[in-house]
$ cat target.cif   # mmCIF, C-alpha atoms
data_target
#
loop_
_atom_site.group_PDB
_atom_site.id
_atom_site.type_symbol
_atom_site.label_atom_id
_atom_site.label_comp_id
_atom_site.auth_asym_id
_atom_site.auth_seq_id
_atom_site.Cartn_x
_atom_site.Cartn_y
_atom_site.Cartn_z
ATOM 1 C CA GLY A 238 21.843 61.199 67.215
ATOM 2 C CA GLY A 239 23.020 57.864 68.470
ATOM 3 C CA LEU A 240 25.817 56.755 70.709
ATOM 4 C CA THR A 241 29.140 58.376 69.841
ATOM 5 C CA ILE A 242 31.961 55.892 69.785
ATOM 6 C CA PHE A 243 34.314 57.275 67.114
ATOM 7 C CA SER A 244 34.095 60.094 64.501
ATOM 8 C CA HIS A 245 32.600 58.240 61.541
ATOM 9 C CA THR A 246 29.164 56.735 61.282
ATOM 10 C CA LEU A 247 28.868 52.984 60.959
ATOM 11 C CA PRO A 248 26.406 51.687 58.364
ATOM 12 C CA SER A 249 22.721 52.152 59.188
ATOM 13 C CA CYS A 250 22.376 48.510 60.202
ATOM 14 C CA TYR A 251 24.335 49.366 63.363
ATOM 15 C CA LEU A 252 21.564 51.571 64.748
ATOM 16 C CA GLY A 253 23.237 54.880 63.975
ATOM 17 C CA LEU A 254 26.243 54.303 66.201
ATOM 18 C CA ARG A 255 28.910 56.922 65.563
ATOM 19 C CA ILE A 256 32.614 56.594 66.031
ATOM 20 C CA ARG A 257 35.049 59.027 67.715
ATOM 21 C CA SER A 258 38.464 59.629 66.092
ATOM 22 C CA GLY A 259 41.553 57.823 67.190
ATOM 23 C CA LEU A 260 40.290 54.306 67.808
ATOM 24 C CA SER A 261 43.235 51.974 67.981
ATOM 25 C CA VAL A 262 41.794 48.820 69.461
ATOM 26 C CA TRP A 263 44.255 46.018 68.934
ATOM 27 C CA LEU A 264 47.160 47.726 67.224
ATOM 28 C CA ALA A 265 49.387 47.286 70.294
ATOM 29 C CA MET A 266 49.011 43.512 69.995
ATOM 30 C CA MET A 267 50.170 43.398 66.407
ATOM 31 C CA ASP A 268 53.769 42.424 65.738
ATOM 32 C CA ALA A 269 53.875 44.294 62.445
ATOM 33 C CA VAL A 270 53.267 47.710 63.992
ATOM 34 C CA SER A 271 55.002 49.216 67.004
ATOM 35 C CA ASP A 272 52.643 50.823 69.536
ATOM 36 C CA ASP A 273 55.142 53.572 70.438
ATOM 37 C CA GLU A 274 55.280 54.691 66.850
ATOM 38 C CA PHE A 275 51.607 54.728 65.879
ATOM 39 C CA ILE A 276 49.261 54.617 68.879
ATOM 40 C CA PRO A 277 48.644 57.918 70.646
ATOM 41 C CA GLU A 278 49.073 57.748 74.404
ATOM 42 C CA GLY A 279 45.888 56.799 76.260
ATOM 43 C CA GLU A 280 44.192 55.258 73.198
ATOM 44 C CA LYS A 281 45.461 51.695 73.399
ATOM 45 C CA SER A 282 41.983 50.131 73.753
ATOM 46 C CA SER A 283 38.381 51.149 73.873
ATOM 47 C CA TRP A 284 35.834 49.668 76.233
ATOM 48 C CA LEU A 285 33.125 50.982 73.898
ATOM 49 C CA VAL A 286 34.208 48.531 71.197
ATOM 50 C CA TYR A 287 33.996 45.667 73.669
ATOM 51 C CA ALA A 288 30.560 46.931 74.769
ATOM 52 C CA LEU A 289 29.477 47.016 71.123
ATOM 53 C CA TYR A 290 30.631 43.408 70.713
ATOM 54 C CA VAL A 291 28.769 42.225 73.807
ATOM 55 C CA LEU A 292 25.602 44.143 72.893
ATOM 56 C CA SER A 293 25.661 42.796 69.340
ATOM 57 C CA GLY A 294 26.313 39.317 70.721
ATOM 58 C CA LEU A 295 23.330 39.607 73.059
ATOM 59 C CA LEU A 296 21.072 40.749 70.231
ATOM 60 C CA VAL A 297 22.042 38.010 67.783
ATOM 61 C CA SER A 298 21.936 35.359 70.533
ATOM 62 C CA ALA A 299 18.425 36.452 71.499
ATOM 63 C CA VAL A 300 17.029 36.098 67.960
ATOM 64 C CA PRO A 301 16.588 32.280 68.235
ATOM 65 C CA ILE A 302 14.288 32.759 71.232
ATOM 66 C CA TYR A 303 11.560 33.859 68.821
ATOM 67 C CA ILE A 304 11.857 30.565 66.923
ATOM 68 C CA TYR A 305 11.622 28.510 70.103
ATOM 69 C CA VAL A 306 8.634 30.458 71.395
ATOM 70 C CA THR A 307 6.697 30.286 68.106
ATOM 71 C CA VAL A 308 7.824 27.056 66.406
ATOM 72 C CA PHE A 309 8.799 24.820 69.314
ATOM 73 C CA SER A 310 6.184 26.206 71.772
ATOM 74 C CA LEU A 311 8.569 26.861 74.645
ATOM 75 C CA ALA A 312 6.686 29.617 76.459
ATOM 76 C CA LEU A 313 8.731 32.719 77.184
ATOM 77 C CA LYS A 314 7.312 33.080 80.682
ATOM 78 C CA ASP A 315 8.047 29.485 81.688
ATOM 79 C CA TRP A 316 11.515 29.270 80.112
ATOM 80 C CA LEU A 317 12.787 32.798 80.821
ATOM 81 C CA PRO A 318 15.636 31.724 83.174
ATOM 82 C CA VAL A 319 16.904 29.216 80.595
ATOM 83 C CA TYR A 320 16.601 31.756 77.773
ATOM 84 C CA VAL A 321 18.527 34.378 79.773
ATOM 85 C CA ALA A 322 21.306 32.011 80.881
ATOM 86 C CA VAL A 323 21.846 30.476 77.445
ATOM 87 C CA THR A 324 21.698 33.876 75.723
ATOM 88 C CA ILE A 325 24.355 35.325 78.047
ATOM 89 C CA ILE A 326 26.676 32.341 77.588
ATOM 90 C CA SER A 327 26.174 32.418 73.833
ATOM 91 C CA SER A 328 26.734 36.167 73.595
ATOM 92 C CA LEU A 329 30.162 35.813 75.199
ATOM 93 C CA GLY A 330 31.204 33.264 72.581
ATOM 94 C CA VAL A 331 29.868 35.448 69.782
ATOM 95 C CA ALA A 332 31.595 38.562 71.210
ATOM 96 C CA TYR A 333 34.850 36.589 71.332
ATOM 97 C CA SER A 334 34.334 35.744 67.663
ATOM 98 C CA TYR A 335 33.770 39.411 66.787
ATOM 99 C CA TYR A 336 37.068 40.293 68.445
ATOM 100 C CA ASN A 337 39.032 37.552 66.639
ATOM 101 C CA VAL A 338 37.594 38.283 63.205
ATOM 102 C CA ALA A 339 38.129 42.037 63.589
ATOM 103 C CA PHE A 340 41.690 41.583 64.837
ATOM 104 C CA ASN A 341 42.674 39.247 61.990
ATOM 105 C CA LEU A 342 41.059 41.441 59.358
ATOM 106 C CA LYS A 343 42.630 44.575 60.800
ATOM 107 C CA SER A 344 46.087 42.991 60.625
ATOM 108 C CA LYS A 345 45.603 42.101 56.960
ATOM 109 C CA LEU A 346 44.171 45.487 56.029
ATOM 110 C CA LEU A 347 46.979 47.439 57.713
ATOM 111 C CA ARG A 348 49.594 45.393 55.862
ATOM 112 C CA ASN A 349 47.812 45.952 52.547
ATOM 113 C CA ARG A 350 47.221 49.683 53.005
ATOM 114 C CA ASP A 351 50.837 50.755 53.439
ATOM 115 C CA TYR A 352 50.265 51.940 56.995
ATOM 116 C CA LYS A 353 53.953 52.152 57.926
ATOM 117 C CA GLU A 354 55.071 53.458 54.539
ATOM 118 C CA ALA A 355 53.058 56.707 54.589
ATOM 119 C CA SER A 356 55.272 59.304 52.962
ATOM 120 C CA GLY A 357 55.602 63.063 53.241
ATOM 121 C CA LYS A 358 56.195 65.443 56.124
ATOM 122 C CA LYS A 359 55.935 64.154 59.652
ATOM 123 C CA GLU A 360 52.564 65.876 60.276
ATOM 124 C CA ALA A 361 51.134 64.724 56.943
ATOM 125 C CA LYS A 362 52.429 61.205 57.559
ATOM 126 C CA ALA A 363 50.796 61.092 61.004
ATOM 127 C CA THR A 364 47.513 62.417 59.592
ATOM 128 C CA LYS A 365 47.553 59.853 56.780
ATOM 129 C CA GLN A 366 48.348 57.051 59.234
ATOM 130 C CA GLU A 367 45.517 58.159 61.538
ATOM 131 C CA LYS A 368 43.020 58.237 58.661
ATOM 132 C CA ILE A 369 44.118 54.794 57.482
ATOM 133 C CA LEU A 370 43.826 53.463 61.042
ATOM 134 C CA GLN A 371 40.336 54.933 61.508
ATOM 135 C CA LEU A 372 39.094 53.492 58.246
ATOM 136 C CA VAL A 373 40.608 50.071 58.919
ATOM 137 C CA ASN A 374 39.042 50.011 62.404
ATOM 138 C CA ILE A 375 35.597 50.832 61.077
ATOM 139 C CA GLU A 376 35.860 48.294 58.274
ATOM 140 C CA SER A 377 37.173 45.498 60.495
ATOM 141 C CA ILE A 378 34.561 46.027 63.220
ATOM 142 C CA SER A 379 31.680 46.279 60.742
ATOM 143 C CA PHE A 380 32.763 43.210 58.795
ATOM 144 C CA ALA A 381 33.405 41.195 61.978
ATOM 145 C CA ILE A 382 29.884 41.818 63.250
ATOM 146 C CA TYR A 383 28.286 41.126 59.871
ATOM 147 C CA TYR A 384 30.286 37.971 59.122
ATOM 148 C CA THR A 385 30.045 36.488 62.615
ATOM 149 C CA ASN A 386 26.281 37.054 62.795
ATOM 150 C CA ILE A 387 25.786 35.206 59.512
ATOM 151 C CA VAL A 388 27.989 32.304 60.588
ATOM 152 C CA PHE A 389 26.311 32.051 64.007
ATOM 153 C CA LEU A 390 22.753 32.122 62.644
ATOM 154 C CA PHE A 391 23.584 29.627 59.879
ATOM 155 C CA ILE A 392 25.127 27.165 62.350
ATOM 156 C CA PHE A 393 22.207 27.686 64.729
ATOM 157 C CA LEU A 394 19.603 26.927 62.041
ATOM 158 C CA LEU A 395 21.586 23.905 60.883
ATOM 159 C CA SER A 396 21.901 22.540 64.410
ATOM 160 C CA ALA A 397 18.325 23.314 65.529
ATOM 161 C CA PHE A 398 16.568 21.864 62.496
ATOM 162 C CA TRP A 399 18.971 19.145 61.394
ATOM 163 C CA ILE A 400 21.681 18.095 63.876
ATOM 164 C CA PHE A 401 19.578 18.187 67.063
ATOM 165 C CA LYS A 402 16.135 17.820 65.453
ATOM 166 C CA ASN A 403 15.389 14.566 67.297
ATOM 167 C CA LEU A 404 16.029 16.040 70.747
ATOM 168 C CA ALA A 405 13.169 17.349 72.848
ATOM 169 C CA SER A 406 12.654 21.102 72.508
ATOM 170 C CA THR A 407 13.885 21.643 76.046
ATOM 171 C CA PHE A 408 17.286 20.178 75.117
ATOM 172 C CA ASN A 409 17.306 21.346 71.511
ATOM 173 C CA TYR A 410 17.415 25.033 72.490
ATOM 174 C CA PRO A 411 20.481 25.046 74.765
ATOM 175 C CA MET A 412 22.335 22.471 72.656
ATOM 176 C CA SER A 413 21.738 24.360 69.393
ATOM 177 C CA ILE A 414 22.653 27.780 70.771
ATOM 178 C CA ILE A 415 25.734 26.680 72.703
ATOM 179 C CA PHE A 416 26.901 24.521 69.789
ATOM 180 C CA ALA A 417 26.457 27.421 67.335
ATOM 181 C CA SER A 418 28.234 29.857 69.646
ATOM 182 C CA GLY A 419 31.100 27.465 70.354
ATOM 183 C CA LEU A 420 31.624 26.519 66.719
ATOM 184 C CA THR A 421 31.492 30.171 65.688
ATOM 185 C CA ALA A 422 34.094 31.050 68.322
ATOM 186 C CA TYR A 423 36.270 28.132 67.234
ATOM 187 C CA THR A 424 36.123 29.021 63.542
ATOM 188 C CA SER A 425 37.111 32.604 64.364
ATOM 189 C CA THR A 426 40.378 31.385 65.885
ATOM 190 C CA VAL A 427 41.428 29.307 62.896
ATOM 191 C CA LYS A 428 44.173 31.097 60.987
ATOM 192 C CA GLU A 429 44.373 31.031 57.201
ATOM 193 C CA THR A 430 47.611 29.650 55.842
#
$ encode --input "target.cif" --output "structure tokens"
Amino acid sequence: GGLTIFSHTLPSCYLGLRIRSGLSVWLAMMDAVSDDEFIPEGEKSSWLVYALYVLSGLLVSAVPIYIYVTVFSLALKDWLPVYVAVTIISSLGVAYSYYNVAFNLKSKLLRNRDYKEASGKKEAKATKQEKILQLVNIESISFAIYYTNIVFLFIFLLSAFWIFKNLASTFNYPMSIIFASGLTAYTSTVKET
């Protein structure tokens, strides 16, 4: 059951999505690892990962609509074009954040897991490297979605009920969502020193 993306199953909170072997999303961009050495030909990126990011971004960006319909009384029928436009814009910022967090985490995990130093025969070394890569991909994608969703929703709640609380509901919604999405995207680009 579920959409097959790679060969392992993501945690149940990701709607039973499965993963197909050989995902190597951003390894070619990393300076620490050469793409000729570790990435099989034809597996340099996966549009399914990007689709997962956009879909997750759309879902988490749509959650605040419920608050504005129930608490702030902005009717869904009357405000549908605004809800759709703001949700799409916000989901792009959140998807960008997923990508950045996953990429940074993947870089750290590959350095810490002795990816290049796998020992043994050439076949065993390649198998070990592939298993490490698969596990790191799953962990980085899962953590990126989890972490970014928490940051986005926290910033949204803070902005909707505290920062922009004095604005009219019609301005509070787009300002809170766009602010939360933008700040989440910005914080995902900040590198730790």
$ residues_around --input "target.cif" --residues "stretch 312-328 of chain A" --least-positions-apart "5" --cutoff "8 Å" --atoms "only C-alpha atoms" --output "NGL selection string"
:A and (291 or 293-295 or 297-299 or 302 or 306 or 411 or 414-415 or 418-419)
$ closest_residue --input "target.cif" --among "A:Gly330, A:Phe340, A:Arg348, A:Pro301" --to "A:Ser396" --atoms "all atoms listed in the file"
A:Pro301
$ residues_around --input "target.cif" --residues "A:Phe393" --least-positions-apart "6" --cutoff "8 Å" --atoms "only C-alpha atoms" --output "PDB file with C-alpha atoms, keeping the file's coordinate frame"
ATOM      1  CA  SER A 413      21.738  24.360  69.393  1.00  0.00           C
ATOM      2  CA  ILE A 414      22.653  27.780  70.771  1.00  0.00           C
ATOM      3  CA  PHE A 416      26.901  24.521  69.789  1.00  0.00           C
ATOM      4  CA  ALA A 417      26.457  27.421  67.335  1.00  0.00           C
TER       5      ALA A 417
END
$ closest_residue --input "target.cif" --among "A:Val300, A:Leu372, A:Leu346, A:Val308" --to "A:Phe389" --atoms "all atoms listed in the file"
A:Val300
$ resolve_selection --input "target.cif" --expression "the PyMOL selection byres ((chain A and resi 398) around 12)" --output "MDAnalysis selection string"
chainID A and resid 301 304:305 308:309 390:397 399:406 409:410 412:414
$ atom_distance --input "target.cif" --atom1 "atom CA of A:Tyr423" --atom2 "atom CA of A:Leu329"
12.6 Å
$ resolve_selection --input "target.cif" --expression "the PyMOL selection byres ((chain A and resi 381) around 8)" --output "number ranges by chain"
A: 334-336, 338-339, 377-380, 382-385
$ atom_distance --input "target.cif" --atom1 "atom CA of A:Ile375" --atom2 "atom CA of A:Leu292"
16.9 Å
$ atom_distance --input "target.cif" --atom1 "atom CA of A:Leu370" --atom2 "atom CA of A:Leu347"
7.6 Å
$ axis_aligned_box --input "target.cif" --around "stretch 408-421 of chain A" --padding-each-side "4 Å" --output "lines of an AutoDock Vina configuration file"
center_x = 24.5
center_y = 25.2
center_z = 70.4
size_x = 22.3
size_y = 18.0
size_z = 17.4
$ decode --input "target.cif" --residues "stretch 310-339 of chain A" --atoms "N, CA and C atoms" --output "PDB file, in the first residue's frame"
ATOM      1  N   SER A 310     -13.586  33.735  12.026  1.00  0.00           N
ATOM      2  CA  SER A 310     -14.834  33.823  11.244  1.00  0.00           C
ATOM      3  C   SER A 310     -14.632  34.336   9.831  1.00  0.00           C
ATOM      4  N   LEU A 311     -13.566  33.918   9.188  1.00  0.00           N
ATOM      5  CA  LEU A 311     -13.383  34.222   7.764  1.00  0.00           C
ATOM      6  C   LEU A 311     -13.939  33.023   6.987  1.00  0.00           C
ATOM      7  N   ALA A 312     -15.113  33.181   6.433  1.00  0.00           N
ATOM      8  CA  ALA A 312     -15.814  32.079   5.780  1.00  0.00           C
ATOM      9  C   ALA A 312     -14.979  31.482   4.648  1.00  0.00           C
ATOM     10  N   LEU A 313     -14.969  30.169   4.590  1.00  0.00           N
ATOM     11  CA  LEU A 313     -14.186  29.468   3.575  1.00  0.00           C
ATOM     12  C   LEU A 313     -14.665  29.825   2.172  1.00  0.00           C
ATOM     13  N   LYS A 314     -15.973  29.863   2.004  1.00  0.00           N
ATOM     14  CA  LYS A 314     -16.546  30.148   0.686  1.00  0.00           C
ATOM     15  C   LYS A 314     -16.184  31.551   0.197  1.00  0.00           C
ATOM     16  N   ASP A 315     -16.245  32.523   1.088  1.00  0.00           N
ATOM     17  CA  ASP A 315     -15.974  33.910   0.697  1.00  0.00           C
ATOM     18  C   ASP A 315     -14.484  34.187   0.496  1.00  0.00           C
ATOM     19  N   TRP A 316     -13.629  33.520   1.234  1.00  0.00           N
ATOM     20  CA  TRP A 316     -12.197  33.796   1.224  1.00  0.00           C
ATOM     21  C   TRP A 316     -11.382  32.734   0.511  1.00  0.00           C
ATOM     22  N   LEU A 317     -12.026  31.839  -0.230  1.00  0.00           N
ATOM     23  CA  LEU A 317     -11.325  30.736  -0.884  1.00  0.00           C
ATOM     24  C   LEU A 317     -10.173  31.188  -1.785  1.00  0.00           C
ATOM     25  N   PRO A 318     -10.354  32.213  -2.643  1.00  0.00           N
ATOM     26  CA  PRO A 318      -9.210  32.635  -3.480  1.00  0.00           C
ATOM     27  C   PRO A 318      -8.002  33.103  -2.656  1.00  0.00           C
ATOM     28  N   VAL A 319      -8.259  33.803  -1.568  1.00  0.00           N
ATOM     29  CA  VAL A 319      -7.165  34.270  -0.706  1.00  0.00           C
ATOM     30  C   VAL A 319      -6.494  33.077  -0.035  1.00  0.00           C
ATOM     31  N   TYR A 320      -7.312  32.154   0.493  1.00  0.00           N
ATOM     32  CA  TYR A 320      -6.767  30.964   1.140  1.00  0.00           C
ATOM     33  C   TYR A 320      -5.886  30.165   0.174  1.00  0.00           C
ATOM     34  N   VAL A 321      -6.349  29.984  -1.049  1.00  0.00           N
ATOM     35  CA  VAL A 321      -5.593  29.200  -2.037  1.00  0.00           C
ATOM     36  C   VAL A 321      -4.279  29.898  -2.390  1.00  0.00           C
ATOM     37  N   ALA A 322      -4.345  31.193  -2.678  1.00  0.00           N
ATOM     38  CA  ALA A 322      -3.142  31.932  -3.076  1.00  0.00           C
ATOM     39  C   ALA A 322      -2.099  31.949  -1.955  1.00  0.00           C
ATOM     40  N   VAL A 323      -2.536  32.257  -0.752  1.00  0.00           N
ATOM     41  CA  VAL A 323      -1.593  32.340   0.372  1.00  0.00           C
ATOM     42  C   VAL A 323      -1.029  30.958   0.702  1.00  0.00           C
ATOM     43  N   THR A 324      -1.866  29.926   0.622  1.00  0.00           N
ATOM     44  CA  THR A 324      -1.393  28.569   0.907  1.00  0.00           C
ATOM     45  C   THR A 324      -0.347  28.125  -0.105  1.00  0.00           C
ATOM     46  N   ILE A 325      -0.533  28.431  -1.368  1.00  0.00           N
ATOM     47  CA  ILE A 325       0.441  28.056  -2.400  1.00  0.00           C
ATOM     48  C   ILE A 325       1.762  28.787  -2.189  1.00  0.00           C
ATOM     49  N   ILE A 326       1.694  30.090  -1.935  1.00  0.00           N
ATOM     50  CA  ILE A 326       2.919  30.859  -1.695  1.00  0.00           C
ATOM     51  C   ILE A 326       3.647  30.328  -0.471  1.00  0.00           C
ATOM     52  N   SER A 327       2.902  30.085   0.593  1.00  0.00           N
ATOM     53  CA  SER A 327       3.492  29.586   1.827  1.00  0.00           C
ATOM     54  C   SER A 327       4.100  28.201   1.646  1.00  0.00           C
ATOM     55  N   SER A 328       3.432  27.349   0.889  1.00  0.00           N
ATOM     56  CA  SER A 328       3.938  25.985   0.709  1.00  0.00           C
ATOM     57  C   SER A 328       5.275  25.974  -0.020  1.00  0.00           C
ATOM     58  N   LEU A 329       5.505  26.922  -0.902  1.00  0.00           N
ATOM     59  CA  LEU A 329       6.788  26.996  -1.595  1.00  0.00           C
ATOM     60  C   LEU A 329       7.912  27.365  -0.634  1.00  0.00           C
ATOM     61  N   GLY A 330       7.637  28.297   0.278  1.00  0.00           N
ATOM     62  CA  GLY A 330       8.630  28.647   1.289  1.00  0.00           C
ATOM     63  C   GLY A 330       8.916  27.491   2.234  1.00  0.00           C
ATOM     64  N   VAL A 331       7.876  26.771   2.621  1.00  0.00           N
ATOM     65  CA  VAL A 331       8.046  25.632   3.516  1.00  0.00           C
ATOM     66  C   VAL A 331       8.792  24.503   2.798  1.00  0.00           C
ATOM     67  N   ALA A 332       8.471  24.251   1.531  1.00  0.00           N
ATOM     68  CA  ALA A 332       9.170  23.213   0.758  1.00  0.00           C
ATOM     69  C   ALA A 332      10.654  23.563   0.611  1.00  0.00           C
ATOM     70  N   TYR A 333      10.954  24.823   0.412  1.00  0.00           N
ATOM     71  CA  TYR A 333      12.339  25.286   0.356  1.00  0.00           C
ATOM     72  C   TYR A 333      13.050  24.998   1.677  1.00  0.00           C
ATOM     73  N   SER A 334      12.350  25.198   2.772  1.00  0.00           N
ATOM     74  CA  SER A 334      12.911  24.914   4.094  1.00  0.00           C
ATOM     75  C   SER A 334      13.184  23.426   4.270  1.00  0.00           C
ATOM     76  N   TYR A 335      12.248  22.584   3.815  1.00  0.00           N
ATOM     77  CA  TYR A 335      12.464  21.134   3.895  1.00  0.00           C
ATOM     78  C   TYR A 335      13.767  20.760   3.190  1.00  0.00           C
ATOM     79  N   TYR A 336      13.934  21.284   1.991  1.00  0.00           N
ATOM     80  CA  TYR A 336      15.123  20.982   1.191  1.00  0.00           C
ATOM     81  C   TYR A 336      16.391  21.387   1.928  1.00  0.00           C
ATOM     82  N   ASN A 337      16.426  22.626   2.459  1.00  0.00           N
ATOM     83  CA  ASN A 337      17.627  23.116   3.140  1.00  0.00           C
ATOM     84  C   ASN A 337      17.956  22.310   4.389  1.00  0.00           C
ATOM     85  N   VAL A 338      16.950  22.030   5.200  1.00  0.00           N
ATOM     86  CA  VAL A 338      17.185  21.276   6.429  1.00  0.00           C
ATOM     87  C   VAL A 338      17.672  19.869   6.098  1.00  0.00           C
ATOM     88  N   ALA A 339      17.029  19.222   5.133  1.00  0.00           N
ATOM     89  CA  ALA A 339      17.433  17.862   4.751  1.00  0.00           C
ATOM     90  C   ALA A 339      18.851  17.845   4.188  1.00  0.00           C
TER      91      ALA A 339
END
